[in-house]
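Here is query-v4.txt, consisting of compact mmCIF, C-alpha atoms:
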```txt
# COMPACT_ATOMS: atom_id res chain seq x y z
CA MET F 1 -100.51 -148.65 221.86
CA GLU F 2 -99.81 -152.25 220.97
CA THR F 3 -98.58 -154.48 223.75
CA LEU F 4 -94.90 -153.79 224.32
CA LYS F 5 -94.39 -155.73 227.55
CA GLU F 6 -91.95 -158.11 225.91
CA LYS F 7 -90.09 -155.35 224.05
CA LYS F 8 -86.72 -154.30 225.44
CA VAL F 9 -84.86 -151.05 224.90
CA LEU F 10 -81.30 -150.22 225.90
CA ILE F 11 -80.47 -146.57 226.57
CA SER F 12 -76.83 -145.50 226.59
CA GLY F 13 -76.17 -142.70 229.07
CA ALA F 14 -77.80 -141.76 232.40
CA SER F 15 -77.93 -138.12 231.30
CA PHE F 16 -80.87 -135.70 231.02
CA ALA F 17 -81.55 -137.25 227.63
CA GLY F 18 -81.11 -140.80 228.93
CA LEU F 19 -83.23 -140.43 232.06
CA SER F 20 -85.99 -138.56 230.20
CA THR F 21 -86.02 -141.16 227.41
CA ALA F 22 -86.08 -143.93 230.00
CA TYR F 23 -89.14 -142.34 231.60
CA TRP F 24 -91.07 -142.18 228.34
CA MET F 25 -90.06 -145.60 227.03
CA ASN F 26 -91.09 -147.15 230.34
CA LYS F 27 -94.40 -145.31 230.15
CA SER F 28 -94.85 -146.73 226.64
CA GLY F 29 -94.55 -150.25 228.02
CA TYR F 30 -90.98 -151.12 227.12
CA LYS F 31 -88.69 -152.96 229.50
CA VAL F 32 -85.95 -150.34 229.86
CA THR F 33 -82.27 -150.77 230.69
CA VAL F 34 -79.89 -147.81 231.04
CA VAL F 35 -76.14 -148.38 230.72
CA GLU F 36 -73.81 -145.67 232.01
CA ILE F 37 -70.03 -145.62 231.62
CA ALA F 38 -69.50 -143.83 234.96
CA ASN F 39 -69.97 -145.61 238.27
CA GLU F 40 -72.77 -143.21 239.30
CA LEU F 41 -74.75 -140.27 237.95
CA ARG F 42 -72.33 -137.74 236.53
CA LYS F 43 -72.74 -134.55 238.51
CA GLY F 44 -71.48 -131.03 237.91
CA GLY F 45 -72.32 -128.36 235.38
CA THR F 46 -74.02 -125.02 235.13
CA PRO F 47 -77.72 -124.54 235.97
CA VAL F 48 -80.37 -125.60 233.49
CA ASN F 49 -83.07 -123.37 232.03
CA ILE F 50 -86.54 -124.89 231.84
CA ARG F 51 -88.81 -122.79 229.65
CA GLU F 52 -91.39 -122.79 226.86
CA ASN F 53 -91.99 -126.30 225.46
CA THR F 54 -89.84 -127.94 228.15
CA VAL F 55 -92.21 -126.71 230.89
CA ASP F 56 -95.07 -128.60 229.27
CA ILE F 57 -92.97 -131.76 229.01
CA VAL F 58 -91.87 -131.77 232.67
CA LYS F 59 -95.50 -131.22 233.68
CA ARG F 60 -96.46 -134.30 231.66
CA MET F 61 -93.63 -136.20 233.37
CA GLY F 62 -94.97 -135.27 236.81
CA ILE F 63 -91.77 -133.50 237.89
CA PHE F 64 -92.92 -129.89 237.52
CA GLU F 65 -93.56 -129.27 241.22
CA PRO F 66 -90.13 -130.42 242.52
CA ILE F 67 -88.47 -128.36 239.76
CA LYS F 68 -90.54 -125.34 240.77
CA ALA F 69 -89.70 -125.88 244.44
CA ASN F 70 -85.97 -125.88 243.66
CA ARG F 71 -85.89 -122.96 241.24
CA LEU F 72 -82.98 -120.56 241.48
CA ASN F 73 -83.66 -116.85 241.67
CA MET F 74 -80.59 -115.09 240.34
CA GLU F 75 -80.60 -111.40 241.17
CA VAL F 76 -78.13 -109.65 238.87
CA MET F 77 -75.47 -110.12 236.19
CA GLU F 78 -72.59 -107.68 236.61
CA PHE F 79 -70.01 -106.74 233.97
CA LYS F 80 -66.59 -106.15 235.49
CA ASN F 81 -63.45 -104.39 234.29
CA SER F 82 -59.87 -105.29 235.21
CA ASN F 83 -60.07 -103.15 238.38
CA ASP F 84 -63.11 -105.14 239.56
CA ILE F 85 -65.35 -102.14 238.96
CA THR F 86 -68.87 -102.90 237.78
CA GLU F 87 -69.31 -101.05 234.49
CA GLY F 88 -72.84 -102.27 233.88
CA SER F 89 -75.35 -104.75 235.22
CA ILE F 90 -78.56 -106.46 234.26
CA PRO F 91 -81.17 -107.05 236.96
CA MET F 92 -82.48 -110.60 236.91
CA LYS F 93 -84.35 -110.86 240.20
CA GLN F 94 -88.10 -111.33 240.14
CA GLU F 95 -90.25 -110.53 243.13
CA VAL F 96 -92.19 -113.48 244.52
CA GLU F 97 -95.48 -112.14 243.17
CA GLU F 98 -93.88 -111.79 239.72
CA LEU F 99 -92.56 -115.35 239.52
CA THR F 100 -94.18 -117.16 236.62
CA ASP F 101 -94.58 -120.82 235.80
CA ASP F 102 -93.23 -120.56 232.27
CA GLU F 103 -89.50 -120.22 232.96
CA PHE F 104 -87.21 -121.75 235.59
CA GLU F 105 -83.54 -122.08 236.30
CA ILE F 106 -82.54 -125.07 238.41
CA GLU F 107 -79.24 -126.48 239.60
CA ARG F 108 -78.11 -129.21 237.25
CA ASP F 109 -77.44 -131.83 239.93
CA ILE F 110 -80.85 -131.31 241.54
CA LEU F 111 -82.62 -131.76 238.20
CA LEU F 112 -80.60 -134.90 237.51
CA ASP F 113 -81.68 -136.34 240.88
CA ILE F 114 -85.33 -135.44 240.20
CA LEU F 115 -85.22 -137.29 236.87
CA PHE F 116 -83.44 -140.28 238.41
CA ASP F 117 -86.01 -140.50 241.21
CA ALA F 118 -88.78 -140.56 238.59
CA VAL F 119 -87.43 -143.75 236.97
CA LYS F 120 -85.14 -145.55 239.44
CA ASN F 121 -87.82 -148.01 240.63
CA GLU F 122 -89.05 -148.84 237.12
CA VAL F 123 -85.83 -149.04 235.10
CA GLU F 124 -82.74 -151.25 235.30
CA PHE F 125 -79.44 -149.35 235.62
CA ILE F 126 -76.05 -150.80 234.74
CA PHE F 127 -73.27 -148.48 235.89
CA ASN F 128 -69.56 -148.70 235.10
CA ASN F 129 -70.25 -150.25 231.72
CA SER F 130 -70.66 -149.20 228.09
CA ILE F 131 -71.64 -150.40 224.63
CA THR F 132 -68.70 -151.61 222.54
CA ALA F 133 -70.48 -153.21 219.57
CA LEU F 134 -73.90 -153.40 217.91
CA LYS F 135 -75.07 -156.00 215.42
CA GLU F 136 -78.45 -156.06 213.72
CA THR F 137 -80.28 -159.39 213.83
CA LYS F 138 -83.52 -160.52 212.23
CA ASP F 139 -85.72 -159.20 215.04
CA GLY F 140 -83.51 -156.84 217.02
CA LEU F 141 -80.03 -155.80 218.00
CA GLN F 142 -77.26 -157.83 219.53
CA VAL F 143 -75.41 -155.58 221.98
CA THR F 144 -71.92 -156.21 223.31
CA LEU F 145 -71.04 -154.44 226.55
CA LYS F 146 -67.53 -153.80 227.81
CA ASN F 147 -68.24 -155.91 230.90
CA GLY F 148 -70.55 -158.89 230.73
CA PRO F 149 -72.25 -161.12 228.16
CA GLN F 150 -74.00 -160.06 224.95
CA HIS F 151 -77.63 -159.00 225.17
CA GLU F 152 -80.55 -158.79 222.74
CA PHE F 153 -82.67 -155.62 222.56
CA ASP F 154 -85.43 -154.45 220.28
CA LEU F 155 -84.17 -150.86 220.21
CA VAL F 156 -81.04 -148.97 221.27
CA ILE F 157 -81.14 -145.25 221.99
CA GLY F 158 -77.92 -143.26 222.26
CA CYS F 159 -78.17 -140.56 224.89
CA ASP F 160 -74.44 -140.52 225.57
CA GLY F 161 -73.57 -136.94 224.77
CA LEU F 162 -71.34 -135.01 222.43
CA HIS F 163 -68.76 -137.81 222.15
CA SER F 164 -71.41 -140.53 221.78
CA ALA F 165 -70.14 -144.10 221.55
CA VAL F 166 -73.44 -145.23 220.00
CA ARG F 167 -73.11 -142.62 217.26
CA ARG F 168 -69.51 -143.63 216.57
CA ILE F 169 -70.30 -147.35 216.46
CA TRP F 170 -73.50 -147.16 214.42
CA PHE F 171 -73.40 -143.95 212.38
CA GLY F 172 -69.70 -143.28 211.83
CA HIS F 173 -66.79 -141.31 213.23
CA GLU F 174 -67.44 -138.13 215.19
CA ASP F 175 -65.58 -135.98 212.65
CA GLU F 176 -68.35 -136.59 210.12
CA TYR F 177 -70.89 -134.78 212.29
CA LEU F 178 -68.99 -132.42 214.57
CA HIS F 179 -68.83 -128.76 213.52
CA SER F 180 -66.42 -126.68 215.59
CA LEU F 181 -67.44 -123.12 216.47
CA GLY F 182 -63.89 -121.96 217.14
CA GLN F 183 -64.26 -121.55 220.89
CA TYR F 184 -63.16 -123.64 223.88
CA PHE F 185 -64.48 -123.56 227.43
CA SER F 186 -64.07 -125.06 230.86
CA ILE F 187 -66.43 -125.33 233.82
CA THR F 188 -65.09 -125.59 237.35
CA ILE F 189 -67.42 -125.75 240.35
CA VAL F 190 -66.20 -124.83 243.83
CA ASN F 191 -68.20 -125.45 246.98
CA LYS F 192 -67.94 -121.91 248.30
CA LEU F 193 -69.08 -118.43 247.35
CA LEU F 194 -66.48 -116.42 245.45
CA ILE F 195 -69.01 -113.63 244.89
CA ARG F 196 -72.34 -112.71 246.44
CA GLN F 197 -75.01 -115.42 246.43
CA ASN F 198 -77.46 -115.40 243.47
CA THR F 199 -75.16 -113.17 241.47
CA GLY F 200 -73.39 -113.56 238.16
CA GLN F 201 -70.29 -111.69 237.02
CA MET F 202 -68.63 -111.47 233.63
CA TYR F 203 -65.20 -110.23 232.60
CA ASN F 204 -63.89 -110.01 229.05
CA VAL F 205 -60.78 -109.17 227.15
CA PRO F 206 -60.73 -109.61 223.37
CA TYR F 207 -61.17 -113.31 222.49
CA LYS F 208 -61.49 -114.38 226.15
CA ALA F 209 -64.35 -114.48 228.66
CA VAL F 210 -64.75 -115.37 232.32
CA MET F 211 -68.13 -115.91 233.95
CA LEU F 212 -68.91 -116.57 237.60
CA ASN F 213 -72.30 -117.78 238.85
CA ALA F 214 -72.94 -118.06 242.59
CA TYR F 215 -75.90 -119.98 244.00
CA ASN F 216 -76.65 -122.51 246.76
CA ASN F 217 -73.28 -121.73 248.44
CA LYS F 218 -71.23 -122.73 245.41
CA THR F 219 -69.69 -120.92 242.45
CA ASP F 220 -69.39 -121.92 238.81
CA ILE F 221 -66.20 -120.70 237.12
CA VAL F 222 -66.61 -120.67 233.33
CA LEU F 223 -63.54 -119.82 231.23
CA CYS F 224 -63.94 -119.45 227.48
CA PHE F 225 -61.63 -118.43 224.67
CA SER F 226 -61.66 -118.40 220.89
CA SER F 227 -58.96 -119.77 218.63
CA GLU F 228 -58.64 -119.55 214.86
CA LYS F 229 -56.55 -122.72 214.87
CA GLU F 230 -57.92 -126.06 215.97
CA ILE F 231 -56.37 -127.11 219.27
CA PRO F 232 -55.74 -130.87 219.42
CA TYR F 233 -56.55 -132.60 222.71
CA ASP F 234 -57.83 -135.87 224.10
CA TYR F 235 -61.32 -135.32 225.54
CA ARG F 236 -60.57 -138.02 228.14
CA ASP F 237 -57.29 -136.41 229.33
CA GLU F 238 -58.28 -133.99 232.08
CA ALA F 239 -54.68 -133.02 232.95
CA GLN F 240 -54.06 -131.97 229.36
CA GLN F 241 -57.29 -129.95 229.32
CA ARG F 242 -56.45 -128.10 232.54
CA LYS F 243 -53.04 -127.27 231.06
CA ILE F 244 -54.69 -125.72 227.99
CA ILE F 245 -56.91 -123.49 230.14
CA LEU F 246 -54.10 -122.48 232.52
CA GLU F 247 -51.86 -121.50 229.61
CA GLN F 248 -54.59 -119.59 227.79
CA PHE F 249 -55.48 -117.44 230.82
CA ALA F 250 -52.05 -117.05 232.45
CA GLY F 251 -51.13 -113.42 233.13
CA GLN F 252 -54.64 -112.03 232.61
CA GLY F 253 -56.10 -109.36 234.87
CA TRP F 254 -59.11 -109.05 237.15
CA ARG F 255 -59.35 -112.06 239.53
CA ILE F 256 -58.12 -114.58 237.00
CA ALA F 257 -54.94 -115.60 238.89
CA GLU F 258 -57.10 -116.51 241.90
CA LEU F 259 -59.60 -118.36 239.72
CA LEU F 260 -56.85 -120.38 238.02
CA GLU F 261 -55.71 -121.60 241.44
CA GLU F 262 -59.23 -122.95 241.95
CA VAL F 263 -59.11 -124.61 238.54
CA LYS F 264 -55.83 -126.31 239.45
CA HIS F 265 -57.09 -127.88 242.64
CA THR F 266 -60.82 -128.51 242.23
CA GLU F 267 -62.10 -132.00 241.43
CA THR F 268 -65.09 -130.83 239.42
CA PHE F 269 -63.70 -129.83 236.04
CA TYR F 270 -65.06 -130.08 232.51
CA PHE F 271 -63.46 -128.91 229.26
CA ASP F 272 -64.42 -129.13 225.61
CA LYS F 273 -64.73 -127.09 222.46
CA LEU F 274 -67.91 -125.31 221.55
CA CYS F 275 -69.33 -127.30 218.68
CA GLN F 276 -72.52 -128.57 217.15
CA ILE F 277 -73.56 -132.01 215.97
CA LYS F 278 -75.36 -131.98 212.63
CA MET F 279 -76.78 -135.15 211.12
CA LEU F 280 -79.09 -135.81 208.18
CA SER F 281 -80.79 -138.49 210.27
CA TRP F 282 -80.79 -139.18 214.01
CA THR F 283 -81.99 -142.72 213.42
CA LYS F 284 -80.74 -145.75 211.54
CA GLY F 285 -82.50 -149.09 211.67
CA ARG F 286 -83.36 -149.83 215.29
CA VAL F 287 -81.04 -147.17 216.73
CA ALA F 288 -81.94 -143.56 217.56
CA LEU F 289 -80.02 -140.65 219.10
CA VAL F 290 -81.45 -138.15 221.60
CA GLY F 291 -79.89 -134.97 222.96
CA ASP F 292 -76.30 -133.89 222.39
CA ALA F 293 -75.48 -137.21 220.73
CA GLY F 294 -77.70 -136.27 217.80
CA TYR F 295 -78.01 -132.50 217.76
CA CYS F 296 -75.77 -130.75 220.25
CA ALA F 297 -76.37 -127.02 219.82
CA SER F 298 -73.37 -126.07 222.02
CA PRO F 299 -73.48 -124.31 225.40
CA ALA F 300 -73.81 -121.06 223.44
CA ALA F 301 -77.47 -121.97 222.96
CA GLY F 302 -78.06 -122.05 226.72
CA MET F 303 -80.37 -125.04 226.19
CA GLY F 304 -78.27 -128.19 226.62
CA GLY F 305 -80.36 -129.76 229.38
CA SER F 306 -83.74 -128.60 228.15
CA LEU F 307 -83.00 -129.66 224.57
CA ALA F 308 -82.36 -133.20 225.81
CA ILE F 309 -85.71 -133.25 227.62
CA ASP F 310 -87.41 -131.80 224.55
CA GLY F 311 -85.86 -134.47 222.33
CA ALA F 312 -86.96 -137.30 224.59
CA GLY F 313 -90.47 -135.85 224.61
CA ALA F 314 -90.50 -135.53 220.81
CA LEU F 315 -89.45 -139.15 220.38
CA ALA F 316 -92.07 -140.27 222.91
CA ASP F 317 -94.81 -138.32 221.10
CA ALA F 318 -93.79 -139.93 217.81
CA MET F 319 -93.86 -143.42 219.38
CA GLN F 320 -97.33 -142.78 220.79
CA LYS F 321 -98.62 -141.29 217.54
CA HIS F 322 -97.52 -144.38 215.59
CA ASN F 323 -98.72 -146.91 218.18
CA GLY F 324 -95.21 -148.19 218.94
CA ASN F 325 -94.21 -148.70 215.29
CA PHE F 326 -90.62 -147.61 215.71
CA GLU F 327 -89.90 -147.24 211.99
CA LEU F 328 -92.70 -144.71 211.46
CA ALA F 329 -91.97 -143.07 214.82
CA PHE F 330 -88.29 -142.60 213.99
CA GLN F 331 -89.21 -141.08 210.64
CA ASP F 332 -91.66 -138.73 212.36
CA TYR F 333 -89.06 -137.74 214.98
CA ASN F 334 -86.50 -136.96 212.27
CA THR F 335 -88.95 -134.83 210.30
CA ASN F 336 -91.01 -132.96 212.87
CA PHE F 337 -88.39 -132.18 215.51
CA ARG F 338 -85.78 -131.01 213.00
CA PRO F 339 -87.05 -127.44 212.33
CA PHE F 340 -86.86 -126.66 216.04
CA ILE F 341 -83.31 -128.02 216.31
CA GLU F 342 -82.16 -126.12 213.24
CA GLU F 343 -83.54 -122.88 214.69
CA VAL F 344 -81.82 -123.42 218.04
CA GLN F 345 -78.49 -124.23 216.39
CA ALA F 346 -78.71 -121.18 214.12
CA ASN F 347 -79.50 -118.87 217.05
CA ALA F 348 -76.59 -120.28 219.04
CA ILE F 349 -74.21 -119.18 216.28
CA LYS F 350 -75.93 -115.88 215.50
CA PHE F 351 -76.47 -114.66 219.06
CA GLY F 352 -74.92 -116.99 221.64
CA LEU F 353 -71.33 -116.84 220.44
CA GLU F 354 -71.37 -113.07 220.12
CA MET F 355 -72.66 -112.61 223.67
CA LEU F 356 -69.98 -114.76 225.27
CA VAL F 357 -66.60 -114.08 223.66
CA LEU F 358 -66.21 -110.57 222.24
CA LYS F 359 -63.47 -109.69 219.78
CA THR F 360 -62.72 -106.01 220.49
CA ASP F 361 -62.42 -103.63 223.43
CA GLU F 362 -65.13 -101.50 221.83
CA ALA F 363 -67.56 -104.42 221.72
CA ILE F 364 -66.80 -105.21 225.38
CA ARG F 365 -67.44 -101.59 226.46
CA LYS F 366 -70.70 -101.52 224.51
CA ARG F 367 -71.91 -104.77 226.03
CA ASN F 368 -70.87 -103.72 229.54
CA ALA F 369 -72.92 -100.54 229.26
CA GLN F 370 -76.15 -102.53 228.88
CA GLN F 371 -78.74 -102.18 231.60
CA LYS F 372 -81.34 -104.59 230.28
CA PRO F 373 -81.44 -108.28 229.33
CA PHE F 374 -79.97 -109.34 225.98
```

Using structure tokens, write down the structure that the file contains.
Amino acid sequence: METLKEKKVLISGASFAGLSTAYWMNKSGYKVTVVEIANELRKGGTPVNIRENTVDIVKRMGIFEPIKANRLNMEVMEFKNSNDITEGSIPMKQEVEELTDDEFEIERDILLDILFDAVKNEVEFIFNNSITALKETKDGLQVTLKNGPQHEFDLVIGCDGLHSAVRRIWFGHEDEYLHSLGQYFSITIVNKLLIRQNTGQMYNVPYKAVMLNAYNNKTDIVLCFSSEKEIPYDYRDEAQQRKIILEQFAGQGWRIAELLEEVKHTETFYFDKLCQIKMLSWTKGRVALVGDAGYCASPAAGMGGSLAIDGAGALADAMQKHNGNFELAFQDYNTNFRPFIEEVQANAIKFGLEMLVLKTDEAIRKRNAQQKPF
């Protein structure tokens, strides 16, 4: 590639997308700066699946072995009724001799730390700050940060998630690209086991779902519901979001009353609607989007973390292919990565939504009777 030592790139978001993109841009020779609105890495979230193309990418990044060493080995997914009776279950446990190197599940926070360790000595991090304005100049981009002076960069890459500030500033308002899937969800993580270790449990009533995942002495509580009407809320107002979840699940059976008490008092809480981001182009001028900022497929796809790593790898391959010519690389990235994204988004709607929130008692009974993976 052409000499890029004097080229500077600003990445918004110290996420899976941001850290992976930082790795590849640094490898390409760019001087990389990552700006993150939080005051540290944002932890919390359900485990991440690493499979298929993503396995190859993490091998190329040199982080395959620590991922493999920290793999989770979930044993079973149980389907519960209101009396806490297991109506069906799907075995998930693999014997040690059966473990393969083509699919992993790893705790989100551990993977985030692995990615951070891979770049922390090579990349500049600016925490507790964010991009507030972008202006194109003759040879680059003038970037205004919330705190501090203006800076000049050759490229800016938005890796700042579903509610991307870079996308809003440079491409237009979120409403132009966000497609709601009619479901809402919350994730609460408690540092104790509410069910047996390495076990998942699922409970449904029509239009509502509860999922528990227990691993590494903690439990994920995932609450999901569907709504025909759009529910207005401020994605920055956590108290309002907790209120929505508490009201939606109040008075429900199984262990839900107990779980709602955990939701009330636990610090780790995330809420949003299931939606997808669809854009005709993930690039514009010297700005590109990677991960949820450009092509969120929704948690229904089960690929949020891996899709971000895939996207960073696709952009890196395009940059290498075109010898650092960002205009050709961006065009390549838009064209060649798109069929994969469109397939993932379509499958999330066709299969993912139907597996999570079921609409009838009959559908719940049928699903609960399954004894094999979906």

Item to complete: Show which residues sit within 10 Å of Asn53 of chain F, as a PyMOL selection string. Count only C-alpha atoms, and ignore same-chain residues fewer than 3 positions away.
Response: chain F and resi 50+56-58+102-103+306-307+309-310+313

Fill in: Protein, DNA and RNA residues within 12 Å of (-82.7, -135.6, 245.9), only C-alpha atoms, as a VMD selection string
chain F and resid 66 to 67 70 107 to 118

Discussion item. Show me, as a PyMOL selection string, the residues that have an atom within 7 Å of Gln370 of chain F when counting all atoms listed in the file, minus same-chain residues fewer than 2 positions from it.
Written reply: chain F and resi 88-89+367-368+372

Worksheet item: Could you name the residues that touch segment 330-337 of chain F at 10 Å or less, counting all atoms listed in the file, but leaving out those on the same chain fewer than 3 positions away, as a list in words?
Response: Met279, Leu280, Ser281, Trp282, Thr283, Lys284, Gly285, Arg286, Val287, Ala288, Leu289, Asp310, Gly311, Ala312, Gly313, Ala314, Leu315, Ala316, Asp317, Ala318, Met319, Lys321, His322, Asn325, Phe326, Glu327, Phe340, Ile341 and Glu342 of chain F

List every residue of segment 268-295 of chain F that has an atom at most 12 Å from any atom of segment 237-252 of chain F, giving for each one its closest atom pair and the distance in Å to one decimal, counting only C-alpha atoms, sorted by chain and then by ascending residue number, as CSV.
```
residue,atom,partner,partner_atom,distance
F:Thr268,CA,F:Glu238,CA,10.5
F:Phe269,CA,F:Glu238,CA,7.9
F:Tyr270,CA,F:Glu238,CA,7.8
F:Phe271,CA,F:Gln241,CA,6.3
F:Asp272,CA,F:Gln241,CA,8.1
F:Lys273,CA,F:Gln241,CA,10.5
```

Fill in: Near-Ser226 of chain F list (7 Å; only C-alpha atoms; drop same-chain fewer than 3 positions) as an NGL selection string
:F and (182-184 or 207-208)

Discussion item. So that I can check the surroundings of Pro149 of chain F, please list as a ChimeraX atom specification every protein, DNA and RNA residue that reaches within 12 Å of it, counting all atoms listed in the file and ignoring chain neighbours fewer than 3 positions away.
Written reply: /F:129,131-133,142-146,152

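In this structure, atom CA of Lys68 of chain F sits 8.3 Å away from atom CA of Ile106 of chain F.
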
How big is the axis-aligned box around all listed atoms of segment 46-50 of chain F once 4 Å goes on each side, and where's its centre, in Å to one decimal, as lines of an AutoDock Vina configuration file?
```
center_x = -80.3
center_y = -124.5
center_z = 233.9
size_x = 20.5
size_y = 10.2
size_z = 12.1
```

Worksheet, complete the sentence: note - atom CA of Ala300 of chain F and atom CA of Met202 of chain F are separated by 14.9 Å

Practice prompt. Can you work out the spacing between atom CA of Tyr203 of chain F and atom CA of Pro91 of chain F in Å, to one decimal?
Written response: 16.9 Å
